[in-house]
Structure formats: structure tokens, C-alpha cells
Amino acid sequence: MANSNLKSATSANSKSNLNSNLKEGADVFSAEDRERKITLQVGDAAPSFELENADGVKISLGDFVGKKVVLYFYPKDMTPGCTTEACEFSDEFAEFAKKGAFVVGVSPDSVASHEKFATAKALKHVLLSDPQKEVAKIYGVWQVRKNYGKEYLGVVRTTFIIDENGKIEKIYKSVKAAGHAAKVLADL
């Protein structure tokens, strides 16, 4: 009984401290989070990375040297917009391949989540897991977002076309999921 009272008091104090910090205008996001934006430009070398795919195999950007890469960042597996985008890229997989391009999706979801998503939607392209958001931060797509007046950290849906030499050829910022794959394909 004493432990549950202590937990309740501690929990109440934590909530009270959090609420008072928020009331005082304390910022819950770091300056780095607030200032992060996409600073990469066409012609820049694409930042290298190594992440696990849906099978737990490590894949690096260097694995695609000599090939074009469509690198798209999306917020979350199995959500409506992300599912639309992933399925459209998958539906056009053969067309991307004809143009010599590999499609690679990146989100903060776990390897297990990607495996479930790829299986459930029969996705043909690579999904990479970035649970620490390291790659999303390097590419500038992990940002403070706002939805219905509430701020949160999340992925800004963005796509980079990376040429055969590892240089950024085109950037699509804050894209709409529906129809995006067709726009990217047309630009290759």
C-alpha cells in the first residue's frame, strides 16, 4: 500500500513538474531539433549510411555505387499515406528498374515492423530501419512538425534522387504521398 501511494505521489509530482514547465513556456525540443532542416542541395554528395533492411541485413548507400537510388523518407509503416506511397513505389518497381534505379524507403520503424509491412503489402523494394533517426537527421528530414496545433518530432516526407556517382540529383520536399512515385519515375 505504501509503495502504491509513493508511486501515485511521484507520478503526480512528475505530471505537476511537466505541466508547470510547459506552462512556463519551457521548450521540450532542443535548439538543434528546432533548427534542423534540409540543407542538402542538388550536386552535393549524398551522406553515406548503413541501416538494416526488413530481413535484418545491413545495407549501405555504398552498396549502390554505379546505380541510381530513389531514397524516400516516410513517417510510419502501415499508416494510410505511407502505405499509399510505398505501394505506388512498389507498383512501379519494374519501371524504376528499367531506368536503372533502386527504390529505398527509410523510416524510424523497427526491422520487425518493416518485415510485417513489406509482407502485408507485398512490397518489392527495400525498406531500411532508422530507429535512432540518425540518417533522418543527417538528411535533415527529422524535424519539429505541427499537427492540429500540437508540435512533435517526426519525419518530413522527402525523396532524394541520388545519381550513379553518389551525388544528389533531385530533392522532393514535403511531398504528398499519392502520385509521388509517378512524378519521381517521370523525372528519371
# chains A, B, ... in the order shown; residues from 1 in each chain; ligands from 1
>>> select_by_dssp(residues="range 79-132 of chain A", states="alpha helix (DSSP H)", output="list in words")
Pro80, Gly81, Cys82, Thr83, Thr84, Glu85, Ala86, Cys87, Glu88, Phe89, Ser90, Asp91, Phe93, Ala94, Glu95, Phe96, Ala97, Lys98, Val111, Ala112, Ser113, His114, Glu115, Lys116, Phe117, Ala118, Thr119 and Ala120 of chain A
>>> write_last_selection(atoms="C-alpha atoms", output="compact mmCIF listing (two decimals), in the first residue's frame")
# COMPACT_ATOMS: atom_id res chain seq x y z
CA PRO A 80 -2.60 5.50 -44.81
CA GLY A 81 -0.27 7.99 -46.51
CA CYS A 82 2.84 5.88 -46.03
CA THR A 83 1.06 2.78 -47.31
CA THR A 84 -0.11 4.66 -50.41
CA GLU A 85 3.41 5.93 -51.10
CA ALA A 86 5.09 2.55 -50.51
CA CYS A 87 2.56 0.66 -52.63
CA GLU A 88 2.88 3.14 -55.50
CA PHE A 89 6.69 2.81 -55.46
CA SER A 90 6.30 -0.97 -55.36
CA ASP A 91 3.75 -0.99 -58.19
CA PHE A 93 9.22 -1.27 -59.27
CA ALA A 94 9.82 -2.76 -62.76
CA GLU A 95 9.67 0.69 -64.38
CA PHE A 96 12.21 2.08 -61.90
CA ALA A 97 14.45 -0.94 -62.62
CA LYS A 98 14.18 -0.31 -66.41
CA VAL A 111 13.16 -4.10 -38.64
CA ALA A 112 10.24 -6.26 -37.42
CA SER A 113 7.74 -3.55 -38.36
CA HIS A 114 9.29 -3.26 -41.84
CA GLU A 115 9.14 -7.03 -42.30
CA LYS A 116 5.46 -7.05 -41.36
CA PHE A 117 4.71 -4.03 -43.60
CA ALA A 118 6.63 -5.40 -46.59
CA THR A 119 4.94 -8.79 -46.26
CA ALA A 120 1.41 -7.44 -45.69
>>> residues_around(residues="Asp33 in chain A", least_positions_apart="2", cutoff="12 Å", atoms="only C-alpha atoms", output="PDB file with all heavy atoms, in the first residue's frame")
ATOM      1  N   ASP A  27      10.660  24.966 -23.556  1.00  0.00           N
ATOM      2  CA  ASP A  27      10.648  24.289 -24.842  1.00  0.00           C
ATOM      3  C   ASP A  27      11.062  22.836 -24.636  1.00  0.00           C
ATOM      4  O   ASP A  27      12.104  22.563 -24.051  1.00  0.00           O
ATOM      5  CB  ASP A  27      11.605  24.989 -25.794  1.00  0.00           C
ATOM      6  CG  ASP A  27      11.372  24.620 -27.245  1.00  0.00           C
ATOM      7  OD1 ASP A  27      10.663  23.633 -27.511  1.00  0.00           O
ATOM      8  OD2 ASP A  27      11.905  25.321 -28.110  1.00  0.00           O
ATOM      9  N   VAL A  28      10.252  21.907 -25.104  1.00  0.00           N
ATOM     10  CA  VAL A  28      10.559  20.489 -24.940  1.00  0.00           C
ATOM     11  C   VAL A  28      11.459  19.986 -26.068  1.00  0.00           C
ATOM     12  O   VAL A  28      11.897  18.852 -26.034  1.00  0.00           O
ATOM     13  CB  VAL A  28       9.280  19.618 -24.848  1.00  0.00           C
ATOM     14  CG1 VAL A  28       8.509  19.953 -23.597  1.00  0.00           C
ATOM     15  CG2 VAL A  28       8.424  19.779 -26.076  1.00  0.00           C
ATOM     16  N   PHE A  29      11.750  20.830 -27.068  1.00  0.00           N
ATOM     17  CA  PHE A  29      12.613  20.451 -28.172  1.00  0.00           C
ATOM     18  C   PHE A  29      13.941  21.184 -28.052  1.00  0.00           C
ATOM     19  O   PHE A  29      13.979  22.344 -27.659  1.00  0.00           O
ATOM     20  CB  PHE A  29      11.963  20.784 -29.518  1.00  0.00           C
ATOM     21  CG  PHE A  29      10.619  20.135 -29.688  1.00  0.00           C
ATOM     22  CD1 PHE A  29       9.467  20.899 -29.669  1.00  0.00           C
ATOM     23  CD2 PHE A  29      10.505  18.769 -29.842  1.00  0.00           C
ATOM     24  CE1 PHE A  29       8.228  20.310 -29.805  1.00  0.00           C
ATOM     25  CE2 PHE A  29       9.268  18.170 -29.978  1.00  0.00           C
ATOM     26  CZ  PHE A  29       8.130  18.935 -29.962  1.00  0.00           C
ATOM     27  N   SER A  30      15.008  20.512 -28.413  1.00  0.00           N
ATOM     28  CA  SER A  30      16.327  21.148 -28.369  1.00  0.00           C
ATOM     29  C   SER A  30      16.433  22.187 -29.486  1.00  0.00           C
ATOM     30  O   SER A  30      15.681  22.151 -30.469  1.00  0.00           O
ATOM     31  CB  SER A  30      17.427  20.099 -28.531  1.00  0.00           C
ATOM     32  OG  SER A  30      17.434  19.610 -29.863  1.00  0.00           O
ATOM     33  N   ALA A  31      17.388  23.076 -29.340  1.00  0.00           N
ATOM     34  CA  ALA A  31      17.634  24.079 -30.383  1.00  0.00           C
ATOM     35  C   ALA A  31      18.002  23.371 -31.688  1.00  0.00           C
ATOM     36  O   ALA A  31      17.583  23.781 -32.770  1.00  0.00           O
ATOM     37  CB  ALA A  31      18.746  25.025 -29.947  1.00  0.00           C
ATOM     38  N   GLU A  35      16.086  23.829 -35.223  1.00  0.00           N
ATOM     39  CA  GLU A  35      16.803  24.428 -36.351  1.00  0.00           C
ATOM     40  C   GLU A  35      17.036  23.449 -37.503  1.00  0.00           C
ATOM     41  O   GLU A  35      17.398  23.869 -38.600  1.00  0.00           O
ATOM     42  CB  GLU A  35      18.148  24.979 -35.869  1.00  0.00           C
ATOM     43  CG  GLU A  35      17.980  26.152 -34.921  1.00  0.00           C
ATOM     44  CD  GLU A  35      19.268  26.545 -34.219  1.00  0.00           C
ATOM     45  OE1 GLU A  35      20.345  26.008 -34.575  1.00  0.00           O
ATOM     46  OE2 GLU A  35      19.190  27.387 -33.308  1.00  0.00           O
ATOM     47  N   ARG A  36      16.829  22.157 -37.260  1.00  0.00           N
ATOM     48  CA  ARG A  36      17.111  21.167 -38.293  1.00  0.00           C
ATOM     49  C   ARG A  36      16.208  21.375 -39.495  1.00  0.00           C
ATOM     50  O   ARG A  36      15.012  21.564 -39.378  1.00  0.00           O
ATOM     51  CB  ARG A  36      16.932  19.748 -37.750  1.00  0.00           C
ATOM     52  CG  ARG A  36      17.407  18.673 -38.718  1.00  0.00           C
ATOM     53  CD  ARG A  36      17.312  17.273 -38.124  1.00  0.00           C
ATOM     54  NE  ARG A  36      18.093  17.152 -36.908  1.00  0.00           N
ATOM     55  CZ  ARG A  36      17.558  17.018 -35.681  1.00  0.00           C
ATOM     56  NH1 ARG A  36      16.262  16.954 -35.529  1.00  0.00           N
ATOM     57  NH2 ARG A  36      18.336  16.919 -34.625  1.00  0.00           N
ATOM     58  N   LYS A  37      16.825  21.370 -40.661  1.00  0.00           N
ATOM     59  CA  LYS A  37      16.081  21.460 -41.914  1.00  0.00           C
ATOM     60  C   LYS A  37      16.920  20.791 -42.990  1.00  0.00           C
ATOM     61  O   LYS A  37      18.075  20.426 -42.760  1.00  0.00           O
ATOM     62  CB  LYS A  37      15.794  22.913 -42.268  1.00  0.00           C
ATOM     63  CG  LYS A  37      17.015  23.769 -42.454  1.00  0.00           C
ATOM     64  CD  LYS A  37      16.645  25.206 -42.715  1.00  0.00           C
ATOM     65  CE  LYS A  37      17.939  26.025 -42.812  1.00  0.00           C
ATOM     66  NZ  LYS A  37      17.693  27.410 -43.012  1.00  0.00           N
ATOM     67  N   LYS A 133      17.010   7.507 -35.711  1.00  0.00           N
ATOM     68  CA  LYS A 133      16.785   8.698 -36.550  1.00  0.00           C
ATOM     69  C   LYS A 133      18.088   9.349 -36.995  1.00  0.00           C
ATOM     70  O   LYS A 133      18.110  10.510 -37.400  1.00  0.00           O
ATOM     71  CB  LYS A 133      15.899   9.746 -35.855  1.00  0.00           C
ATOM     72  CG  LYS A 133      14.489   9.285 -35.581  1.00  0.00           C
ATOM     73  CD  LYS A 133      14.417   8.723 -34.214  1.00  0.00           C
ATOM     74  CE  LYS A 133      12.996   8.384 -33.788  1.00  0.00           C
ATOM     75  NZ  LYS A 133      13.002   7.595 -32.580  1.00  0.00           N
ATOM     76  N   ALA A 136      17.908  10.067 -40.783  1.00  0.00           N
ATOM     77  CA  ALA A 136      16.894  11.114 -40.978  1.00  0.00           C
ATOM     78  C   ALA A 136      17.440  12.476 -40.553  1.00  0.00           C
ATOM     79  O   ALA A 136      17.186  13.491 -41.211  1.00  0.00           O
ATOM     80  CB  ALA A 136      15.624  10.776 -40.204  1.00  0.00           C
ATOM     81  N   LYS A 137      18.213  12.511 -39.487  1.00  0.00           N
ATOM     82  CA  LYS A 137      18.802  13.772 -39.021  1.00  0.00           C
ATOM     83  C   LYS A 137      19.872  14.265 -39.995  1.00  0.00           C
ATOM     84  O   LYS A 137      19.923  15.454 -40.315  1.00  0.00           O
ATOM     85  CB  LYS A 137      19.391  13.608 -37.617  1.00  0.00           C
ATOM     86  CG  LYS A 137      18.335  13.483 -36.542  1.00  0.00           C
ATOM     87  CD  LYS A 137      18.958  13.236 -35.176  1.00  0.00           C
ATOM     88  CE  LYS A 137      17.891  13.042 -34.107  1.00  0.00           C
ATOM     89  NZ  LYS A 137      18.502  12.728 -32.793  1.00  0.00           N
ATOM     90  N   ILE A 138      20.728  13.362 -40.470  1.00  0.00           N
ATOM     91  CA  ILE A 138      21.795  13.740 -41.403  1.00  0.00           C
ATOM     92  C   ILE A 138      21.191  14.327 -42.687  1.00  0.00           C
ATOM     93  O   ILE A 138      21.711  15.298 -43.238  1.00  0.00           O
ATOM     94  CB  ILE A 138      22.701  12.536 -41.729  1.00  0.00           C
ATOM     95  CG1 ILE A 138      23.516  12.139 -40.507  1.00  0.00           C
ATOM     96  CG2 ILE A 138      23.614  12.833 -42.899  1.00  0.00           C
ATOM     97  CD1 ILE A 138      24.223  10.804 -40.647  1.00  0.00           C
ATOM     98  N   GLY A 140      18.342  15.750 -42.792  1.00  0.00           N
ATOM     99  CA  GLY A 140      17.564  16.933 -42.415  1.00  0.00           C
ATOM    100  C   GLY A 140      16.065  16.749 -42.412  1.00  0.00           C
ATOM    101  O   GLY A 140      15.314  17.722 -42.357  1.00  0.00           O
ATOM    102  N   VAL A 141      15.598  15.502 -42.429  1.00  0.00           N
ATOM    103  CA  VAL A 141      14.152  15.254 -42.521  1.00  0.00           C
ATOM    104  C   VAL A 141      13.498  14.956 -41.165  1.00  0.00           C
ATOM    105  O   VAL A 141      12.265  14.834 -41.099  1.00  0.00           O
ATOM    106  CB  VAL A 141      13.826  14.132 -43.537  1.00  0.00           C
ATOM    107  CG1 VAL A 141      14.370  14.493 -44.909  1.00  0.00           C
ATOM    108  CG2 VAL A 141      14.370  12.777 -43.085  1.00  0.00           C
ATOM    109  N   TRP A 142      14.275  14.821 -40.100  1.00  0.00           N
ATOM    110  CA  TRP A 142      13.734  14.637 -38.742  1.00  0.00           C
ATOM    111  C   TRP A 142      13.582  16.031 -38.152  1.00  0.00           C
ATOM    112  O   TRP A 142      14.554  16.674 -37.779  1.00  0.00           O
ATOM    113  CB  TRP A 142      14.655  13.759 -37.898  1.00  0.00           C
ATOM    114  CG  TRP A 142      14.109  13.454 -36.538  1.00  0.00           C
ATOM    115  CD1 TRP A 142      14.552  13.970 -35.351  1.00  0.00           C
ATOM    116  CD2 TRP A 142      13.029  12.588 -36.200  1.00  0.00           C
ATOM    117  NE1 TRP A 142      13.815  13.469 -34.308  1.00  0.00           N
ATOM    118  CE2 TRP A 142      12.863  12.615 -34.799  1.00  0.00           C
ATOM    119  CE3 TRP A 142      12.162  11.791 -36.946  1.00  0.00           C
ATOM    120  CZ2 TRP A 142      11.888  11.878 -34.141  1.00  0.00           C
ATOM    121  CZ3 TRP A 142      11.200  11.053 -36.290  1.00  0.00           C
ATOM    122  CH2 TRP A 142      11.069  11.104 -34.905  1.00  0.00           C
ATOM    123  N   GLN A 143      12.355  16.524 -38.119  1.00  0.00           N
ATOM    124  CA  GLN A 143      12.102  17.919 -37.778  1.00  0.00           C
ATOM    125  C   GLN A 143      10.934  18.070 -36.812  1.00  0.00           C
ATOM    126  O   GLN A 143      10.139  17.151 -36.643  1.00  0.00           O
ATOM    127  CB  GLN A 143      11.766  18.722 -39.045  1.00  0.00           C
ATOM    128  CG  GLN A 143      12.841  18.739 -40.091  1.00  0.00           C
ATOM    129  CD  GLN A 143      12.421  19.496 -41.337  1.00  0.00           C
ATOM    130  OE1 GLN A 143      11.424  20.199 -41.360  1.00  0.00           O
ATOM    131  NE2 GLN A 143      13.206  19.346 -42.399  1.00  0.00           N
ATOM    132  N   VAL A 144      10.851  19.254 -36.227  1.00  0.00           N
ATOM    133  CA  VAL A 144       9.679  19.595 -35.426  1.00  0.00           C
ATOM    134  C   VAL A 144       8.533  19.809 -36.406  1.00  0.00           C
ATOM    135  O   VAL A 144       8.642  20.561 -37.368  1.00  0.00           O
ATOM    136  CB  VAL A 144       9.912  20.880 -34.583  1.00  0.00           C
ATOM    137  CG1 VAL A 144       8.640  21.284 -33.859  1.00  0.00           C
ATOM    138  CG2 VAL A 144      11.041  20.648 -33.581  1.00  0.00           C
ATOM    139  N   ARG A 145       7.458  19.089 -36.167  1.00  0.00           N
ATOM    140  CA  ARG A 145       6.266  19.147 -37.028  1.00  0.00           C
ATOM    141  C   ARG A 145       5.114  19.705 -36.214  1.00  0.00           C
ATOM    142  O   ARG A 145       5.145  19.715 -34.985  1.00  0.00           O
ATOM    143  CB  ARG A 145       5.889  17.733 -37.512  1.00  0.00           C
ATOM    144  CG  ARG A 145       6.997  16.884 -38.087  1.00  0.00           C
ATOM    145  CD  ARG A 145       7.382  17.215 -39.507  1.00  0.00           C
ATOM    146  NE  ARG A 145       6.292  17.500 -40.381  1.00  0.00           N
ATOM    147  CZ  ARG A 145       5.568  16.602 -41.067  1.00  0.00           C
ATOM    148  NH1 ARG A 145       5.850  15.342 -40.978  1.00  0.00           N
ATOM    149  NH2 ARG A 145       4.592  16.984 -41.842  1.00  0.00           N
ATOM    150  N   GLU A 151       2.887  20.325 -31.429  1.00  0.00           N
ATOM    151  CA  GLU A 151       4.196  20.098 -32.010  1.00  0.00           C
ATOM    152  C   GLU A 151       4.752  18.743 -31.578  1.00  0.00           C
ATOM    153  O   GLU A 151       4.522  18.303 -30.459  1.00  0.00           O
ATOM    154  CB  GLU A 151       5.165  21.200 -31.589  1.00  0.00           C
ATOM    155  CG  GLU A 151       4.862  22.540 -32.225  1.00  0.00           C
ATOM    156  CD  GLU A 151       5.896  23.583 -31.891  1.00  0.00           C
ATOM    157  OE1 GLU A 151       6.382  23.606 -30.736  1.00  0.00           O
ATOM    158  OE2 GLU A 151       6.218  24.386 -32.782  1.00  0.00           O
ATOM    159  N   TYR A 152       5.482  18.130 -32.476  1.00  0.00           N
ATOM    160  CA  TYR A 152       6.108  16.844 -32.211  1.00  0.00           C
ATOM    161  C   TYR A 152       7.285  16.685 -33.170  1.00  0.00           C
ATOM    162  O   TYR A 152       7.375  17.395 -34.174  1.00  0.00           O
ATOM    163  CB  TYR A 152       5.109  15.695 -32.389  1.00  0.00           C
ATOM    164  CG  TYR A 152       4.595  15.573 -33.808  1.00  0.00           C
ATOM    165  CD1 TYR A 152       5.162  14.665 -34.697  1.00  0.00           C
ATOM    166  CD2 TYR A 152       3.555  16.375 -34.276  1.00  0.00           C
ATOM    167  CE1 TYR A 152       4.711  14.564 -35.999  1.00  0.00           C
ATOM    168  CE2 TYR A 152       3.095  16.274 -35.566  1.00  0.00           C
ATOM    169  CZ  TYR A 152       3.677  15.372 -36.431  1.00  0.00           C
ATOM    170  OH  TYR A 152       3.235  15.270 -37.734  1.00  0.00           O
ATOM    171  N   LEU A 153       8.181  15.767 -32.869  1.00  0.00           N
ATOM    172  CA  LEU A 153       9.275  15.454 -33.772  1.00  0.00           C
ATOM    173  C   LEU A 153       8.839  14.324 -34.690  1.00  0.00           C
ATOM    174  O   LEU A 153       8.253  13.336 -34.237  1.00  0.00           O
ATOM    175  CB  LEU A 153      10.520  15.029 -32.992  1.00  0.00           C
ATOM    176  CG  LEU A 153      11.317  16.153 -32.380  1.00  0.00           C
ATOM    177  CD1 LEU A 153      12.355  15.609 -31.412  1.00  0.00           C
ATOM    178  CD2 LEU A 153      11.991  16.989 -33.453  1.00  0.00           C
ATOM    179  N   GLY A 154       9.134  14.461 -35.972  1.00  0.00           N
ATOM    180  CA  GLY A 154       8.757  13.423 -36.917  1.00  0.00           C
ATOM    181  C   GLY A 154       9.467  13.594 -38.246  1.00  0.00           C
ATOM    182  O   GLY A 154      10.171  14.577 -38.482  1.00  0.00           O
ATOM    183  N   VAL A 155       9.260  12.635 -39.114  1.00  0.00           N
ATOM    184  CA  VAL A 155       9.855  12.648 -40.446  1.00  0.00           C
ATOM    185  C   VAL A 155       9.017  13.527 -41.363  1.00  0.00           C
ATOM    186  O   VAL A 155       7.797  13.395 -41.418  1.00  0.00           O
ATOM    187  CB  VAL A 155       9.928  11.211 -41.025  1.00  0.00           C
ATOM    188  CG1 VAL A 155      10.333  11.231 -42.490  1.00  0.00           C
ATOM    189  CG2 VAL A 155      10.893  10.361 -40.224  1.00  0.00           C
TER     190      VAL A 155
END
>>> select_by_dssp(residues="chain A", states="strand (DSSP E or B)", output="number ranges by chain")
A: 45, 50-53, 58-60, 68-73, 101-107, 126-129, 142-147, 150-155, 158-162, 167-172
>>> residues_around(residues="range 55-66 of chain A", least_positions_apart="2", cutoff="9 Å", atoms="only C-alpha atoms", output="PDB file with N, CA, C and O atoms, in the first residue's frame")
ATOM      1  N   ALA A  46      25.691  12.671 -51.494  1.00  0.00           N
ATOM      2  CA  ALA A  46      24.684  12.138 -50.574  1.00  0.00           C
ATOM      3  C   ALA A  46      25.397  11.565 -49.358  1.00  0.00           C
ATOM      4  O   ALA A  46      26.362  10.813 -49.509  1.00  0.00           O
ATOM      5  N   PRO A  47      24.960  11.926 -48.151  1.00  0.00           N
ATOM      6  CA  PRO A  47      25.597  11.379 -46.947  1.00  0.00           C
ATOM      7  C   PRO A  47      25.509   9.844 -46.925  1.00  0.00           C
ATOM      8  O   PRO A  47      24.456   9.272 -47.212  1.00  0.00           O
ATOM      9  N   SER A  48      26.622   9.219 -46.596  1.00  0.00           N
ATOM     10  CA  SER A  48      26.639   7.754 -46.539  1.00  0.00           C
ATOM     11  C   SER A  48      25.928   7.280 -45.274  1.00  0.00           C
ATOM     12  O   SER A  48      25.786   8.026 -44.310  1.00  0.00           O
ATOM     13  N   PHE A  49      25.482   6.049 -45.307  1.00  0.00           N
ATOM     14  CA  PHE A  49      24.805   5.462 -44.158  1.00  0.00           C
ATOM     15  C   PHE A  49      24.819   3.953 -44.278  1.00  0.00           C
ATOM     16  O   PHE A  49      25.105   3.405 -45.353  1.00  0.00           O
ATOM     17  N   GLU A  50      24.505   3.299 -43.165  1.00  0.00           N
ATOM     18  CA  GLU A  50      24.322   1.852 -43.137  1.00  0.00           C
ATOM     19  C   GLU A  50      23.186   1.564 -42.166  1.00  0.00           C
ATOM     20  O   GLU A  50      23.248   1.948 -40.996  1.00  0.00           O
ATOM     21  N   LEU A  51      22.136   0.930 -42.678  1.00  0.00           N
ATOM     22  CA  LEU A  51      20.965   0.583 -41.870  1.00  0.00           C
ATOM     23  C   LEU A  51      20.531  -0.842 -42.199  1.00  0.00           C
ATOM     24  O   LEU A  51      20.889  -1.385 -43.242  1.00  0.00           O
ATOM     25  N   GLU A  52      19.720  -1.417 -41.311  1.00  0.00           N
ATOM     26  CA  GLU A  52      19.217  -2.772 -41.547  1.00  0.00           C
ATOM     27  C   GLU A  52      17.940  -2.740 -42.365  1.00  0.00           C
ATOM     28  O   GLU A  52      17.079  -1.879 -42.162  1.00  0.00           O
ATOM     29  N   ASN A  53      17.816  -3.722 -43.255  1.00  0.00           N
ATOM     30  CA  ASN A  53      16.588  -3.854 -44.043  1.00  0.00           C
ATOM     31  C   ASN A  53      15.576  -4.724 -43.286  1.00  0.00           C
ATOM     32  O   ASN A  53      15.803  -5.110 -42.137  1.00  0.00           O
ATOM     33  N   LYS A  68      21.570   4.320 -59.804  1.00  0.00           N
ATOM     34  CA  LYS A  68      20.758   5.433 -59.325  1.00  0.00           C
ATOM     35  C   LYS A  68      19.905   4.947 -58.155  1.00  0.00           C
ATOM     36  O   LYS A  68      19.438   3.807 -58.160  1.00  0.00           O
ATOM     37  N   VAL A  69      19.707   5.811 -57.165  1.00  0.00           N
ATOM     38  CA  VAL A  69      18.907   5.449 -55.987  1.00  0.00           C
ATOM     39  C   VAL A  69      17.804   6.481 -55.788  1.00  0.00           C
ATOM     40  O   VAL A  69      18.066   7.686 -55.827  1.00  0.00           O
ATOM     41  N   PHE A 102      17.187   2.031 -58.113  1.00  0.00           N
ATOM     42  CA  PHE A 102      16.758   1.235 -56.974  1.00  0.00           C
ATOM     43  C   PHE A 102      15.947   2.131 -56.053  1.00  0.00           C
ATOM     44  O   PHE A 102      16.359   3.247 -55.742  1.00  0.00           O
ATOM     45  N   VAL A 111      12.997  -3.079 -37.617  1.00  0.00           N
ATOM     46  CA  VAL A 111      13.162  -4.104 -38.641  1.00  0.00           C
ATOM     47  C   VAL A 111      11.922  -5.000 -38.670  1.00  0.00           C
ATOM     48  O   VAL A 111      11.398  -5.318 -39.742  1.00  0.00           O
ATOM     49  N   ALA A 112      11.430  -5.395 -37.498  1.00  0.00           N
ATOM     50  CA  ALA A 112      10.242  -6.262 -37.422  1.00  0.00           C
ATOM     51  C   ALA A 112       9.021  -5.575 -38.035  1.00  0.00           C
ATOM     52  O   ALA A 112       8.237  -6.211 -38.738  1.00  0.00           O
ATOM     53  N   HIS A 114       9.079  -3.287 -40.388  1.00  0.00           N
ATOM     54  CA  HIS A 114       9.294  -3.260 -41.839  1.00  0.00           C
ATOM     55  C   HIS A 114       8.988  -4.623 -42.453  1.00  0.00           C
ATOM     56  O   HIS A 114       8.399  -4.692 -43.531  1.00  0.00           O
ATOM     57  N   GLU A 115       9.395  -5.680 -41.780  1.00  0.00           N
ATOM     58  CA  GLU A 115       9.139  -7.027 -42.304  1.00  0.00           C
ATOM     59  C   GLU A 115       7.643  -7.261 -42.410  1.00  0.00           C
ATOM     60  O   GLU A 115       7.144  -7.763 -43.421  1.00  0.00           O
ATOM     61  N   LEU A 128      14.429   0.372 -45.097  1.00  0.00           N
ATOM     62  CA  LEU A 128      15.503   0.409 -44.108  1.00  0.00           C
ATOM     63  C   LEU A 128      15.003   1.007 -42.807  1.00  0.00           C
ATOM     64  O   LEU A 128      14.214   1.957 -42.807  1.00  0.00           O
ATOM     65  N   SER A 129      15.482   0.437 -41.708  1.00  0.00           N
ATOM     66  CA  SER A 129      15.083   0.849 -40.367  1.00  0.00           C
ATOM     67  C   SER A 129      16.085   1.842 -39.787  1.00  0.00           C
ATOM     68  O   SER A 129      17.276   1.559 -39.715  1.00  0.00           O
ATOM     69  N   ASP A 163      22.402  10.069 -57.904  1.00  0.00           N
ATOM     70  CA  ASP A 163      22.910   9.540 -59.171  1.00  0.00           C
ATOM     71  C   ASP A 163      23.926   8.416 -58.959  1.00  0.00           C
ATOM     72  O   ASP A 163      24.251   8.049 -57.826  1.00  0.00           O
ATOM     73  N   GLU A 164      24.424   7.902 -60.072  1.00  0.00           N
ATOM     74  CA  GLU A 164      25.334   6.757 -60.058  1.00  0.00           C
ATOM     75  C   GLU A 164      26.657   7.050 -59.343  1.00  0.00           C
ATOM     76  O   GLU A 164      27.358   6.126 -58.935  1.00  0.00           O
ATOM     77  N   ASN A 165      26.986   8.317 -59.194  1.00  0.00           N
ATOM     78  CA  ASN A 165      28.233   8.710 -58.532  1.00  0.00           C
ATOM     79  C   ASN A 165      28.023   9.138 -57.083  1.00  0.00           C
ATOM     80  O   ASN A 165      28.941   9.671 -56.448  1.00  0.00           O
ATOM     81  N   GLY A 166      26.804   8.946 -56.568  1.00  0.00           N
ATOM     82  CA  GLY A 166      26.529   9.283 -55.180  1.00  0.00           C
ATOM     83  C   GLY A 166      26.213  10.751 -54.938  1.00  0.00           C
ATOM     84  O   GLY A 166      26.228  11.210 -53.805  1.00  0.00           O
TER      85      GLY A 166
END
>>> residues_around(residues="Arg157 in chain A", least_positions_apart="6", cutoff="7 Å", atoms="only C-alpha atoms", output="ChimeraX atom specification")
/A:73-75,173-175
>>> write_last_selection(atoms="N, CA, C and O atoms", output="PDB file, in the first residue's frame")
ATOM      1  N   PHE A  73      12.096   9.075 -47.597  1.00  0.00           N
ATOM      2  CA  PHE A  73      11.878   9.032 -46.153  1.00  0.00           C
ATOM      3  C   PHE A  73      10.390   9.171 -45.897  1.00  0.00           C
ATOM      4  O   PHE A  73       9.735  10.047 -46.474  1.00  0.00           O
ATOM      5  N   TYR A  74       9.868   8.317 -45.028  1.00  0.00           N
ATOM      6  CA  TYR A  74       8.444   8.353 -44.706  1.00  0.00           C
ATOM      7  C   TYR A  74       8.270   8.175 -43.201  1.00  0.00           C
ATOM      8  O   TYR A  74       9.116   7.597 -42.532  1.00  0.00           O
ATOM      9  N   PRO A  75       7.150   8.672 -42.653  1.00  0.00           N
ATOM     10  CA  PRO A  75       6.976   8.671 -41.191  1.00  0.00           C
ATOM     11  C   PRO A  75       6.751   7.322 -40.521  1.00  0.00           C
ATOM     12  O   PRO A  75       7.388   7.033 -39.514  1.00  0.00           O
ATOM     13  N   LYS A 173      10.713  17.889 -51.508  1.00  0.00           N
ATOM     14  CA  LYS A 173      10.464  18.200 -50.102  1.00  0.00           C
ATOM     15  C   LYS A 173       8.975  18.203 -49.795  1.00  0.00           C
ATOM     16  O   LYS A 173       8.171  18.641 -50.620  1.00  0.00           O
ATOM     17  N   SER A 174       8.632  17.746 -48.583  1.00  0.00           N
ATOM     18  CA  SER A 174       7.246  17.766 -48.083  1.00  0.00           C
ATOM     19  C   SER A 174       6.255  17.291 -49.135  1.00  0.00           C
ATOM     20  O   SER A 174       5.297  17.972 -49.468  1.00  0.00           O
ATOM     21  N   VAL A 175       6.496  16.099 -49.649  1.00  0.00           N
ATOM     22  CA  VAL A 175       5.683  15.580 -50.754  1.00  0.00           C
ATOM     23  C   VAL A 175       4.341  15.042 -50.280  1.00  0.00           C
ATOM     24  O   VAL A 175       4.172  14.660 -49.121  1.00  0.00           O
TER      25      VAL A 175
END
>>> closest_residue(among="A:Ala181, A:Met78, A:Asn147, A:Glu32", to="Phe160 in chain A", atoms="only C-alpha atoms")
A:Ala181
>>> atom_distance(atom1="CA of Pro131 in chain A", atom2="CA of Asp109 in chain A")
5.8 Å
>>> residues_around(residues="Ile171 in chain A", least_positions_apart="5", cutoff="8 Å", atoms="only C-alpha atoms", output="list in words")
Gln41, Val42, Thr158, Thr159, Phe160 and Ile161 of chain A
>>> atom_distance(atom1="CA of Leu188 in chain A", atom2="CA of Val106 in chain A")
19.9 Å
>>> residues_around(residues="Gly105 in chain A", least_positions_apart="3", cutoff="6 Å", atoms="only C-alpha atoms", output="JSON, numbers by chain")
{"A": [71, 72, 73, 127]}
>>> write_last_selection(atoms="C-alpha atoms", output="CSV table (one decimal), in the first residue's frame")
chain,number,residue,atom,x,y,z
A,71,LEU,CA,15.8,7.4,-51.4
A,72,TYR,CA,12.5,8.2,-49.8
A,73,PHE,CA,11.9,9.0,-46.2
A,127,LEU,CA,12.8,-0.7,-46.6
